[in-house]
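Asker: Got a structure for you, entry03.pdb, holding PDB, C-alpha atoms.
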```pdb
MODEL        1
ATOM      1  CA  ILE K   1     -14.674 -11.821   4.994
ATOM      2  CA  ALA K   2     -15.478 -13.298   1.588
ATOM      3  CA  ARG K   3     -19.068 -13.999   2.648
ATOM      4  CA  HIS K   4     -19.531 -10.414   3.821
ATOM      5  CA  GLN K   5     -18.143  -9.099   0.537
ATOM      6  CA  VAL K   6     -20.538 -11.272  -1.471
ATOM      7  CA  GLU K   7     -23.441 -10.011   0.645
ATOM      8  CA  ALA K   8     -22.322  -6.416   0.087
ATOM      9  CA  THR K   9     -22.162  -6.994  -3.680
ATOM     10  CA  LEU K  10     -25.722  -8.328  -3.667
ATOM     11  CA  GLU K  11     -26.903  -5.346  -1.623
ATOM     12  CA  LEU K  12     -25.148  -2.986  -4.052
ATOM     13  CA  ARG K  13     -27.060  -4.526  -6.946
ATOM     14  CA  ALA K  14     -30.349  -4.369  -5.054
ATOM     15  CA  LEU K  15     -29.892  -0.652  -4.376
ATOM     16  CA  SER K  16     -29.272   0.178  -8.030
ATOM     17  CA  SER K  17     -32.980   0.184  -8.879
ATOM     18  CA  THR K  18     -33.748   2.942  -6.367
ATOM     19  CA  ALA K  19     -30.543   5.010  -6.465
ATOM     20  CA  ALA K  20     -30.587   8.290  -8.373
ATOM     21  CA  LEU K  21     -26.814   8.457  -8.576
ATOM     22  CA  GLY K  22     -23.844   6.154  -8.044
ATOM     23  CA  ILE K  23     -20.615   7.835  -6.873
ATOM     24  CA  GLY K  24     -17.221   6.177  -7.185
ATOM     25  CA  VAL K  25     -13.846   7.491  -5.986
ATOM     26  CA  SER K  26     -12.214   6.196  -9.178
ATOM     27  CA  GLU K  27     -13.166   5.070 -12.677
ATOM     28  CA  PHE K  28     -12.453   1.543 -11.452
ATOM     29  CA  ASP K  29     -15.130   1.894  -8.749
ATOM     30  CA  ALA K  30     -17.478   3.593 -11.216
ATOM     31  CA  GLY K  31     -17.130   0.560 -13.485
ATOM     32  CA  GLU K  32     -18.206  -1.717 -10.642
ATOM     33  CA  LEU K  33     -21.255   0.491 -10.060
ATOM     34  CA  ARG K  34     -22.210   0.328 -13.734
ATOM     35  CA  ALA K  35     -21.751  -3.448 -13.703
ATOM     36  CA  SER K  36     -24.136  -3.560 -10.728
ATOM     37  CA  GLY K  37     -26.870  -1.824 -12.701
ATOM     38  CA  TYR K  38     -26.461   1.858 -11.802
ATOM     39  CA  GLN K  39     -27.699   3.999 -14.681
ATOM     40  CA  LYS K  40     -26.163   7.315 -13.665
ATOM     41  CA  VAL K  41     -22.609   7.237 -12.296
ATOM     42  CA  THR K  42     -20.010   9.901 -11.569
ATOM     43  CA  VAL K  43     -16.484   9.942 -10.149
ATOM     44  CA  ILE K  44     -15.423  12.095  -7.212
ATOM     45  CA  PRO K  45     -11.814  11.254  -6.232
ATOM     46  CA  VAL K  46     -10.770  11.145  -2.590
ATOM     47  CA  ALA K  47     -10.468  14.803  -1.612
ATOM     48  CA  ASN K  48      -9.163  14.768   1.952
ATOM     49  CA  VAL K  49      -5.554  13.761   1.221
ATOM     50  CA  ARG K  50      -3.477  16.625   2.593
ATOM     51  CA  ILE K  51      -1.195  18.150  -0.036
ATOM     52  CA  PRO K  52       1.232  19.503   0.975
ATOM     53  CA  PRO K  53       1.507  16.880   3.719
ATOM     54  CA  THR K  54       1.635  17.493   7.439
ATOM     55  CA  PRO K  55       5.199  18.745   8.092
ATOM     56  CA  ALA K  56       7.345  15.941   9.437
ATOM     57  CA  ASP K  57       9.199  16.575  12.673
ATOM     58  CA  PRO K  58      12.933  16.557  11.712
ATOM     59  CA  ALA K  59      13.929  14.831  14.946
ATOM     60  CA  THR K  60      11.429  12.003  14.375
ATOM     61  CA  VAL K  61      12.567  11.595  10.776
ATOM     62  CA  ALA K  62      16.182  11.362  11.939
ATOM     63  CA  VAL K  63      15.317   8.711  14.535
ATOM     64  CA  LEU K  64      13.387   6.610  12.022
ATOM     65  CA  ALA K  65      16.159   6.899   9.437
ATOM     66  CA  GLY K  66      18.750   5.889  12.016
ATOM     67  CA  ARG K  67      16.833   2.738  12.924
ATOM     68  CA  ALA K  68      17.059   1.519   9.347
ATOM     69  CA  GLY K  69      20.861   1.563   9.285
ATOM     70  CA  ASP K  70      22.513   1.325   5.883
ATOM     71  CA  GLY K  71      19.833  -0.720   4.113
ATOM     72  CA  HIS K  72      16.956   0.482   2.008
ATOM     73  CA  ARG K  73      13.824   1.432   3.910
ATOM     74  CA  TRP K  74      10.621  -0.034   2.453
ATOM     75  CA  LEU K  75       7.261   1.333   3.534
ATOM     76  CA  SER K  76       3.810  -0.221   3.142
ATOM     77  CA  VAL K  77       0.703   1.624   4.328
ATOM     78  CA  GLY K  78      -2.700  -0.026   4.575
ATOM     79  CA  ARG K  79      -4.855  -1.805   7.107
ATOM     80  CA  LEU K  80      -3.909  -5.394   7.941
ATOM     81  CA  ALA K  81      -6.556  -7.080   5.815
ATOM     82  CA  PRO K  82      -6.097  -9.905   3.286
ATOM     83  CA  ASN K  83      -6.784  -7.810   0.177
ATOM     84  CA  LYS K  84      -3.755  -5.659   1.043
ATOM     85  CA  ALA K  85      -1.513  -8.712   0.465
ATOM     86  CA  HIS K  86       1.177  -7.593   2.897
ATOM     87  CA  GLU K  87       2.550 -11.139   2.796
ATOM     88  CA  ASP K  88       3.698 -10.507  -0.770
ATOM     89  CA  THR K  89       5.681  -7.482   0.372
ATOM     90  CA  ILE K  90       7.234  -9.472   3.219
ATOM     91  CA  ALA K  91       8.239 -12.218   0.773
ATOM     92  CA  ALA K  92       9.797  -9.633  -1.552
ATOM     93  CA  LEU K  93      11.747  -8.162   1.359
ATOM     94  CA  PHE K  94      13.048 -11.648   2.172
ATOM     95  CA  VAL K  95      14.378 -11.974  -1.395
ATOM     96  CA  ALA K  96      15.867  -8.468  -1.332
ATOM     97  CA  ARG K  97      17.730  -9.172   1.911
ATOM     98  CA  ALA K  98      19.055 -12.426   0.465
ATOM     99  CA  THR K  99      20.202 -10.807  -2.797
ATOM    100  CA  THR K 100      20.376  -7.102  -3.586
ATOM    101  CA  SER K 101      19.905  -5.350  -0.223
ATOM    102  CA  PRO K 102      20.987  -7.340   2.879
ATOM    103  CA  GLY K 103      20.167  -4.455   5.194
ATOM    104  CA  ALA K 104      16.717  -3.669   3.828
ATOM    105  CA  ARG K 105      13.894  -3.141   6.304
ATOM    106  CA  LEU K 106      10.118  -2.951   5.951
ATOM    107  CA  THR K 107       7.684  -0.872   7.981
ATOM    108  CA  ILE K 108       4.011  -1.809   7.651
ATOM    109  CA  ILE K 109       1.660   0.886   8.909
ATOM    110  CA  GLY K 110      -1.973  -0.061   9.340
ATOM    111  CA  SER K 111      -4.589  -1.066  11.872
ATOM    112  CA  PRO K 112      -5.048  -4.837  12.430
ATOM    113  CA  THR K 113      -8.662  -4.901  11.226
ATOM    114  CA  GLU K 114      -8.492  -8.678  10.820
ATOM    115  CA  PRO K 115      -6.571  -9.958  13.898
ATOM    116  CA  ASN K 116      -6.019 -13.493  12.545
ATOM    117  CA  TYR K 117      -4.436 -12.088   9.400
ATOM    118  CA  ALA K 118      -2.286  -9.686  11.416
ATOM    119  CA  ARG K 119      -0.960 -12.530  13.555
ATOM    120  CA  ALA K 120      -0.364 -14.651  10.451
ATOM    121  CA  LEU K 121       1.786 -11.890   8.951
ATOM    122  CA  GLN K 122       3.945 -11.783  12.074
ATOM    123  CA  ARG K 123       4.322 -15.573  12.073
ATOM    124  CA  TYR K 124       5.238 -15.490   8.385
ATOM    125  CA  ALA K 125       8.004 -12.943   8.944
ATOM    126  CA  THR K 126       9.285 -15.056  11.832
ATOM    127  CA  ARG K 127       9.337 -18.264   9.743
ATOM    128  CA  LEU K 128      11.287 -16.454   7.042
ATOM    129  CA  GLY K 129      13.811 -15.339   9.652
ATOM    130  CA  ILE K 130      13.255 -11.613   9.082
ATOM    131  CA  ALA K 131      11.001 -10.707  12.019
ATOM    132  CA  ARG K 132      13.572  -8.194  13.283
ATOM    133  CA  SER K 133      13.523  -6.482   9.882
ATOM    134  CA  VAL K 134       9.742  -6.015   9.674
ATOM    135  CA  ASP K 135       8.085  -3.411  11.893
ATOM    136  CA  PHE K 136       4.303  -3.339  12.384
ATOM    137  CA  VAL K 137       3.075   0.139  13.339
ATOM    138  CA  PHE K 138      -0.417   1.467  14.078
ATOM    139  CA  ARG K 139      -2.197   4.083  16.168
ATOM    140  CA  ILE K 140       0.149   6.884  15.169
ATOM    141  CA  SER K 141      -0.437  10.591  14.604
ATOM    142  CA  ASP K 142      -0.504  12.318  11.225
ATOM    143  CA  ALA K 143       2.884  13.864  12.035
ATOM    144  CA  GLU K 144       4.360  10.438  12.798
ATOM    145  CA  LEU K 145       2.915   9.032   9.576
ATOM    146  CA  SER K 146       4.446  11.932   7.676
ATOM    147  CA  ALA K 147       7.809  11.199   9.324
ATOM    148  CA  HIS K 148       7.643   7.579   8.162
ATOM    149  CA  TYR K 149       7.023   8.740   4.585
ATOM    150  CA  ALA K 150       9.883  11.230   4.845
ATOM    151  CA  SER K 151      12.380   8.671   6.176
ATOM    152  CA  ALA K 152      11.523   5.831   3.755
ATOM    153  CA  ASP K 153      13.167   5.095   0.400
ATOM    154  CA  VAL K 154      10.207   3.517  -1.401
ATOM    155  CA  LEU K 155       6.508   2.775  -0.961
ATOM    156  CA  VAL K 156       5.666  -0.794  -1.948
ATOM    157  CA  MET K 157       1.958  -1.531  -2.482
ATOM    158  CA  LEU K 158       1.038  -5.024  -3.682
ATOM    159  CA  SER K 159      -2.697  -5.019  -2.904
ATOM    160  CA  GLU K 160      -5.017  -7.375  -4.742
ATOM    161  CA  HIS K 161      -7.799  -4.772  -4.752
ATOM    162  CA  GLU K 162      -7.725  -0.985  -4.384
ATOM    163  CA  GLY K 163     -10.693   1.247  -5.035
ATOM    164  CA  PHE K 164      -8.412   4.295  -4.881
ATOM    165  CA  GLY K 165      -5.200   3.915  -2.842
ATOM    166  CA  VAL K 166      -4.743   6.984  -0.640
ATOM    167  CA  PRO K 167      -1.169   5.977   0.404
ATOM    168  CA  LEU K 168      -0.130   6.326  -3.241
ATOM    169  CA  VAL K 169      -1.052  10.017  -3.196
ATOM    170  CA  GLU K 170       0.458  10.499   0.252
ATOM    171  CA  ALA K 171       3.738   8.980  -0.926
ATOM    172  CA  MET K 172       3.783  11.196  -4.023
ATOM    173  CA  SER K 173       3.187  14.283  -1.899
ATOM    174  CA  HIS K 174       6.240  13.347   0.195
ATOM    175  CA  GLY K 175       8.470  12.812  -2.832
ATOM    176  CA  LEU K 176       8.598   9.075  -2.152
ATOM    177  CA  PRO K 177       8.863   6.787  -5.202
ATOM    178  CA  VAL K 178       6.212   4.113  -5.660
ATOM    179  CA  VAL K 179       6.404   0.470  -6.716
ATOM    180  CA  ALA K 180       2.891  -0.972  -6.957
ATOM    181  CA  TYR K 181       0.950  -3.921  -8.316
ATOM    182  CA  ALA K 182      -1.339  -2.778 -11.133
ATOM    183  CA  SER K 183      -4.633  -3.871  -9.578
ATOM    184  CA  GLY K 184      -7.959  -2.082  -9.267
ATOM    185  CA  ALA K 185      -7.623   1.698  -9.406
ATOM    186  CA  VAL K 186      -3.852   1.707  -8.852
ATOM    187  CA  PRO K 187      -2.883   2.329 -12.513
ATOM    188  CA  GLU K 188      -5.448   5.143 -12.665
ATOM    189  CA  VAL K 189      -4.051   6.851  -9.554
ATOM    190  CA  VAL K 190      -0.350   6.283 -10.272
ATOM    191  CA  GLY K 191      -0.378   6.989 -13.997
ATOM    192  CA  ASP K 192       3.227   7.257 -15.169
ATOM    193  CA  ALA K 193       4.500   8.562 -11.812
ATOM    194  CA  GLY K 194       5.543   5.201 -10.393
ATOM    195  CA  VAL K 195       6.618   1.659 -11.222
ATOM    196  CA  LEU K 196       3.562  -0.476 -12.025
ATOM    197  CA  LEU K 197       3.924  -4.267 -11.949
ATOM    198  CA  GLU K 198       1.762  -6.656 -13.937
ATOM    199  CA  ALA K 199       3.138  -9.548 -11.848
ATOM    200  CA  LYS K 200       4.297  -9.454  -8.241
ATOM    201  CA  GLY K 201       6.392 -12.541  -7.598
ATOM    202  CA  PRO K 202       8.875 -11.788  -4.798
ATOM    203  CA  ARG K 203      11.933 -11.904  -7.060
ATOM    204  CA  ARG K 204      10.306  -9.545  -9.561
ATOM    205  CA  VAL K 205       9.353  -7.057  -6.837
ATOM    206  CA  ALA K 206      12.803  -7.175  -5.211
ATOM    207  CA  GLU K 207      14.476  -6.640  -8.585
ATOM    208  CA  GLU K 208      12.231  -3.697  -9.476
ATOM    209  CA  VAL K 209      12.808  -2.001  -6.120
ATOM    210  CA  ALA K 210      16.576  -2.491  -6.407
ATOM    211  CA  ALA K 211      16.611  -1.193  -9.976
ATOM    212  CA  LEU K 212      14.612   1.891  -9.043
ATOM    213  CA  LEU K 213      16.635   2.756  -5.949
ATOM    214  CA  GLY K 214      19.855   2.162  -7.840
ATOM    215  CA  ASP K 215      18.933   4.608 -10.604
ATOM    216  CA  GLU K 216      18.874   8.098  -9.116
ATOM    217  CA  ALA K 217      17.906   9.798 -12.372
ATOM    218  CA  ARG K 218      14.882   7.520 -12.862
ATOM    219  CA  ARG K 219      13.874   7.904  -9.243
ATOM    220  CA  GLU K 220      14.021  11.698  -9.445
ATOM    221  CA  ALA K 221      12.070  11.684 -12.714
ATOM    222  CA  LEU K 222       9.244   9.653 -11.174
ATOM    223  CA  VAL K 223       9.179  11.851  -8.080
ATOM    224  CA  ALA K 224       9.043  14.977 -10.261
TER     225      ALA K 224
ENDMDL
END
```
What do you get writing this file as C-alpha coordinates?

Answerer:
Amino acid sequence: IARHQVEATLELRALSSTAALGIGVSEFDAGELRASGYQKVTVIPVANVRIPPTPADPATVAVLAGRAGDGHRWLSVGRLAPNKAHEDTIAALFVARATTSPGARLTIIGSPTEPNYARALQRYATRLGIARSVDFVFRISDAELSAHYASADVLVMLSEHEGFGVPLVEAMSHGLPVVAYASGAVPEVVGDAGVLLEAKGPRRVAEEVAALLGDEARREALVA
(Lines of atoms letter the chains of each structure in order from A and count residues from 1; the text may use other names and numbers.)
(Lines give C-alpha, C1' and ligand atoms only; values in the text may rest on other atoms or scores of the structure.)
Protein backbone atom coordinates (compact mmCIF):
# COMPACT_ATOMS: atom_id res chain seq x y z
CA ILE A 1 0.00 0.00 0.00
CA ALA A 2 2.79 2.41 0.92
CA ARG A 3 4.59 1.71 -2.36
CA HIS A 4 1.44 2.42 -4.36
CA GLN A 5 0.91 5.68 -2.49
CA VAL A 6 4.48 6.79 -3.20
CA GLU A 7 3.99 5.98 -6.89
CA ALA A 8 0.74 7.96 -6.92
CA THR A 9 2.49 10.95 -5.33
CA LEU A 10 5.17 10.87 -8.02
CA GLU A 11 2.52 10.65 -10.75
CA LEU A 12 0.67 13.60 -9.18
CA ARG A 13 3.82 15.70 -9.39
CA ALA A 14 4.48 14.63 -12.97
CA LEU A 15 0.99 15.69 -14.04
CA SER A 16 1.34 19.17 -12.55
CA SER A 17 3.29 20.48 -15.54
CA THR A 18 0.48 19.68 -17.98
CA ALA A 19 -2.62 20.24 -15.81
CA ALA A 20 -4.61 23.43 -16.31
CA LEU A 21 -6.36 23.11 -12.98
CA GLY A 22 -5.98 21.12 -9.77
CA ILE A 23 -9.22 20.38 -7.87
CA GLY A 24 -9.27 19.36 -4.22
CA VAL A 25 -12.28 18.41 -2.09
CA SER A 26 -10.81 20.35 0.85
CA GLU A 27 -8.21 23.02 1.55
CA PHE A 28 -6.07 20.21 2.95
CA ASP A 29 -6.13 18.42 -0.42
CA ALA A 30 -5.60 21.72 -2.24
CA GLY A 31 -2.45 22.24 -0.16
CA GLU A 32 -1.12 18.87 -1.29
CA LEU A 33 -1.78 19.85 -4.91
CA ARG A 34 0.10 23.13 -4.48
CA ALA A 35 2.98 21.28 -2.82
CA SER A 36 3.07 19.00 -5.87
CA GLY A 37 3.57 21.95 -8.21
CA TYR A 38 0.05 22.81 -9.38
CA GLN A 39 -0.12 26.50 -10.23
CA LYS A 40 -3.89 26.92 -10.33
CA VAL A 41 -5.91 25.14 -7.62
CA THR A 42 -9.51 25.34 -6.47
CA VAL A 43 -11.63 23.58 -3.85
CA ILE A 44 -14.92 21.86 -4.61
CA PRO A 45 -16.19 20.06 -1.47
CA VAL A 46 -17.87 16.67 -1.73
CA ALA A 47 -21.35 17.47 -3.01
CA ASN A 48 -23.18 14.14 -3.04
CA VAL A 49 -23.71 13.76 0.72
CA ARG A 50 -27.47 13.57 1.14
CA ILE A 51 -28.80 16.22 3.51
CA PRO A 52 -31.36 15.60 4.86
CA PRO A 53 -30.31 11.94 5.07
CA THR A 54 -32.20 8.96 3.74
CA PRO A 55 -35.05 8.43 6.24
CA ALA A 56 -34.19 5.62 8.63
CA ASP A 57 -36.70 2.81 8.97
CA PRO A 58 -38.01 3.07 12.59
CA ALA A 59 -38.20 -0.71 12.97
CA THR A 60 -34.56 -1.14 11.90
CA VAL A 61 -33.44 1.64 14.24
CA ALA A 62 -35.28 -0.04 17.12
CA VAL A 63 -33.65 -3.40 16.38
CA LEU A 64 -30.17 -1.89 16.22
CA ALA A 65 -30.72 0.08 19.42
CA GLY A 66 -31.97 -3.04 21.19
CA ARG A 67 -28.85 -5.00 20.25
CA ALA A 68 -26.67 -2.48 22.05
CA GLY A 69 -28.39 -2.98 25.41
CA ASP A 70 -27.71 -0.38 28.08
CA GLY A 71 -24.21 0.63 26.99
CA HIS A 72 -23.16 3.46 24.75
CA ARG A 73 -23.21 2.72 21.04
CA TRP A 74 -20.06 3.81 19.19
CA LEU A 75 -20.07 4.01 15.41
CA SER A 76 -17.11 4.16 13.02
CA VAL A 77 -17.66 4.46 9.27
CA GLY A 78 -14.87 4.00 6.74
CA ARG A 79 -13.36 1.30 4.60
CA LEU A 80 -11.13 -1.24 6.35
CA ALA A 81 -7.81 0.24 5.29
CA PRO A 82 -4.79 1.06 7.49
CA ASN A 83 -5.09 4.85 7.21
CA LYS A 84 -8.52 4.63 8.88
CA ALA A 85 -6.81 3.38 12.07
CA HIS A 86 -9.80 1.36 13.25
CA GLU A 87 -7.47 -0.41 15.68
CA ASP A 88 -7.23 2.82 17.67
CA THR A 89 -11.00 2.92 18.03
CA ILE A 90 -11.08 -0.72 19.11
CA ALA A 91 -8.40 -0.01 21.73
CA ALA A 92 -10.39 2.98 23.02
CA LEU A 93 -13.51 0.82 23.27
CA PHE A 94 -11.52 -1.71 25.32
CA VAL A 95 -10.57 1.05 27.79
CA ALA A 96 -14.13 2.39 27.90
CA ARG A 97 -15.55 -1.05 28.70
CA ALA A 98 -12.95 -1.50 31.44
CA THR A 99 -13.63 1.92 32.99
CA THR A 100 -16.46 4.30 32.17
CA SER A 101 -18.89 2.25 30.05
CA PRO A 102 -18.85 -1.54 30.63
CA GLY A 103 -21.68 -2.10 28.17
CA ALA A 104 -20.29 -0.01 25.32
CA ARG A 105 -20.35 -1.50 21.84
CA LEU A 106 -18.69 -0.52 18.56
CA THR A 107 -20.04 -0.96 15.04
CA ILE A 108 -17.51 -0.54 12.23
CA ILE A 109 -19.12 -0.03 8.84
CA GLY A 110 -16.87 -0.29 5.81
CA SER A 111 -15.78 -2.56 3.00
CA PRO A 112 -12.69 -4.73 3.67
CA THR A 113 -10.59 -3.15 0.91
CA GLU A 114 -7.42 -4.57 2.46
CA PRO A 115 -8.33 -8.15 3.55
CA ASN A 116 -5.19 -8.69 5.68
CA TYR A 117 -5.93 -5.54 7.65
CA ALA A 118 -9.58 -6.51 8.07
CA ARG A 119 -8.61 -9.90 9.48
CA ALA A 120 -6.02 -8.27 11.75
CA LEU A 121 -8.71 -6.01 13.21
CA GLN A 122 -10.88 -9.01 14.04
CA ARG A 123 -7.94 -10.83 15.64
CA TYR A 124 -7.10 -7.71 17.65
CA ALA A 125 -10.62 -7.44 19.05
CA THR A 126 -10.50 -11.14 19.93
CA ARG A 127 -7.14 -10.81 21.74
CA LEU A 128 -8.53 -7.92 23.75
CA GLY A 129 -11.51 -10.06 24.73
CA ILE A 130 -14.11 -7.75 23.19
CA ALA A 131 -14.90 -9.55 19.92
CA ARG A 132 -18.56 -9.88 20.92
CA SER A 133 -18.72 -6.11 21.44
CA VAL A 134 -17.34 -5.13 18.02
CA ASP A 135 -19.53 -5.61 14.94
CA PHE A 136 -18.08 -5.42 11.42
CA VAL A 137 -20.72 -4.46 8.86
CA PHE A 138 -20.52 -3.95 5.09
CA ARG A 139 -22.61 -4.29 1.95
CA ILE A 140 -25.60 -2.48 3.41
CA SER A 141 -28.18 -0.17 1.84
CA ASP A 142 -28.36 3.58 2.33
CA ALA A 143 -31.43 3.08 4.52
CA GLU A 144 -29.55 0.59 6.72
CA LEU A 145 -26.60 2.98 6.99
CA SER A 146 -28.98 5.74 8.00
CA ALA A 147 -30.47 3.45 10.66
CA HIS A 148 -27.01 2.81 12.11
CA TYR A 149 -26.41 6.57 12.37
CA ALA A 150 -29.82 7.06 13.97
CA SER A 151 -29.32 4.33 16.59
CA ALA A 152 -25.74 5.25 17.59
CA ASP A 153 -24.67 7.59 20.40
CA VAL A 154 -21.41 8.88 18.92
CA LEU A 155 -19.31 8.72 15.76
CA VAL A 156 -15.65 8.05 16.54
CA MET A 157 -13.20 8.75 13.70
CA LEU A 158 -9.49 8.31 14.46
CA SER A 159 -8.11 8.21 10.91
CA GLU A 160 -4.48 9.08 10.26
CA HIS A 161 -5.37 10.72 6.94
CA GLU A 162 -8.64 12.14 5.62
CA GLY A 163 -8.91 14.20 2.47
CA PHE A 164 -12.49 15.13 3.41
CA GLY A 165 -14.34 12.68 5.69
CA VAL A 166 -17.85 12.11 4.33
CA PRO A 167 -18.99 10.19 7.47
CA LEU A 168 -18.44 13.37 9.48
CA VAL A 169 -21.07 15.19 7.42
CA GLU A 170 -23.37 12.17 7.44
CA ALA A 171 -23.17 11.99 11.23
CA MET A 172 -23.90 15.71 11.56
CA SER A 173 -26.93 15.38 9.29
CA HIS A 174 -28.27 12.65 11.60
CA GLY A 175 -27.75 14.70 14.75
CA LEU A 176 -24.98 12.36 15.89
CA PRO A 177 -22.13 13.92 17.90
CA VAL A 178 -18.59 13.48 16.62
CA VAL A 179 -15.31 12.69 18.36
CA ALA A 180 -12.47 12.77 15.83
CA TYR A 181 -8.70 12.88 15.56
CA ALA A 182 -7.61 16.22 14.09
CA SER A 183 -5.80 14.86 11.04
CA GLY A 184 -5.89 15.93 7.40
CA ALA A 185 -9.09 17.75 6.48
CA VAL A 186 -10.98 16.70 9.61
CA PRO A 187 -10.62 20.03 11.48
CA GLU A 188 -11.72 21.86 8.33
CA VAL A 189 -14.86 19.73 7.95
CA VAL A 190 -15.79 19.52 11.64
CA GLY A 191 -15.03 23.10 12.62
CA ASP A 192 -16.44 23.70 16.10
CA ALA A 193 -19.28 21.18 15.66
CA GLY A 194 -17.49 18.22 17.24
CA VAL A 195 -14.77 17.14 19.65
CA LEU A 196 -11.37 17.32 17.94
CA LEU A 197 -8.45 15.44 19.50
CA GLU A 198 -4.81 16.39 19.06
CA ALA A 199 -3.80 13.02 20.54
CA LYS A 200 -5.69 9.74 20.33
CA GLY A 201 -4.32 7.42 23.00
CA PRO A 202 -7.05 4.95 24.01
CA ARG A 203 -7.51 6.40 27.49
CA ARG A 204 -7.83 9.93 26.10
CA VAL A 205 -10.41 8.85 23.52
CA ALA A 206 -12.44 6.85 26.06
CA GLU A 207 -12.42 9.78 28.48
CA GLU A 208 -13.51 12.27 25.81
CA VAL A 209 -16.36 10.04 24.63
CA ALA A 210 -17.54 9.48 28.21
CA ALA A 211 -17.34 13.20 29.00
CA LEU A 212 -19.31 14.12 25.89
CA LEU A 213 -22.03 11.51 26.35
CA GLY A 214 -22.31 12.39 30.02
CA ASP A 215 -22.91 16.08 29.31
CA GLU A 216 -26.28 16.41 27.59
CA ALA A 217 -26.08 20.19 27.25
CA ARG A 218 -22.69 20.02 25.51
CA ARG A 219 -23.84 17.19 23.29
CA GLU A 220 -26.95 19.11 22.22
CA ALA A 221 -24.90 22.25 21.59
CA LEU A 222 -22.52 20.40 19.27
CA VAL A 223 -25.40 18.73 17.44
CA ALA A 224 -27.12 22.10 17.00

Asker: Please indicate the distance in Å from atom CA of Val190 of chain K to atom CA of Val169 of chain K, rounded to one decimal place.

Answerer: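 Those two atoms sit 8.0 Å apart.
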
Asker: Name the residues captured by the PyMOL selection byres ((chain K and resi 186) around 10) when it is applied to the shown file; answer as a list of chain:residue names.

Answerer: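 Matching residues under the PyMOL selection byres ((chain K and resi 186) around 10) are K:Ser26, K:Phe28, K:Met157, K:Leu158, K:Ser159, K:His161, K:Glu162, K:Gly163, K:Phe164, K:Gly165, K:Val166, K:Leu168, K:Ala180, K:Tyr181, K:Ala182, K:Ser183, K:Gly184, K:Ala185, K:Pro187, K:Glu188, K:Val189, K:Val190, K:Gly191, K:Leu196.
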
Asker: Would you please work out which residue, of K:Arg203, K:Arg79, K:Arg50, K:Arg219, is nearest to Pro115 of chain K when using all atoms listed in the file?

Answerer: K:Arg79

Asker: Hey, what's within 12 Å of Ser151 of chain K if we count all atoms listed in the file and toss same-chain stuff fewer than 2 positions away? As a PyMOL selection string, please?

Answerer: chain K and resi 56-69+72-75+105-107+144-149+153-155+171+174-176

Asker: Evaluate the PyMOL selection byres ((chain K and resi 38) around 8) against this structure - the residues, as a PyMOL selection string, please.

Answerer: chain K and resi 16-17+19+21-22+33-37+39-41
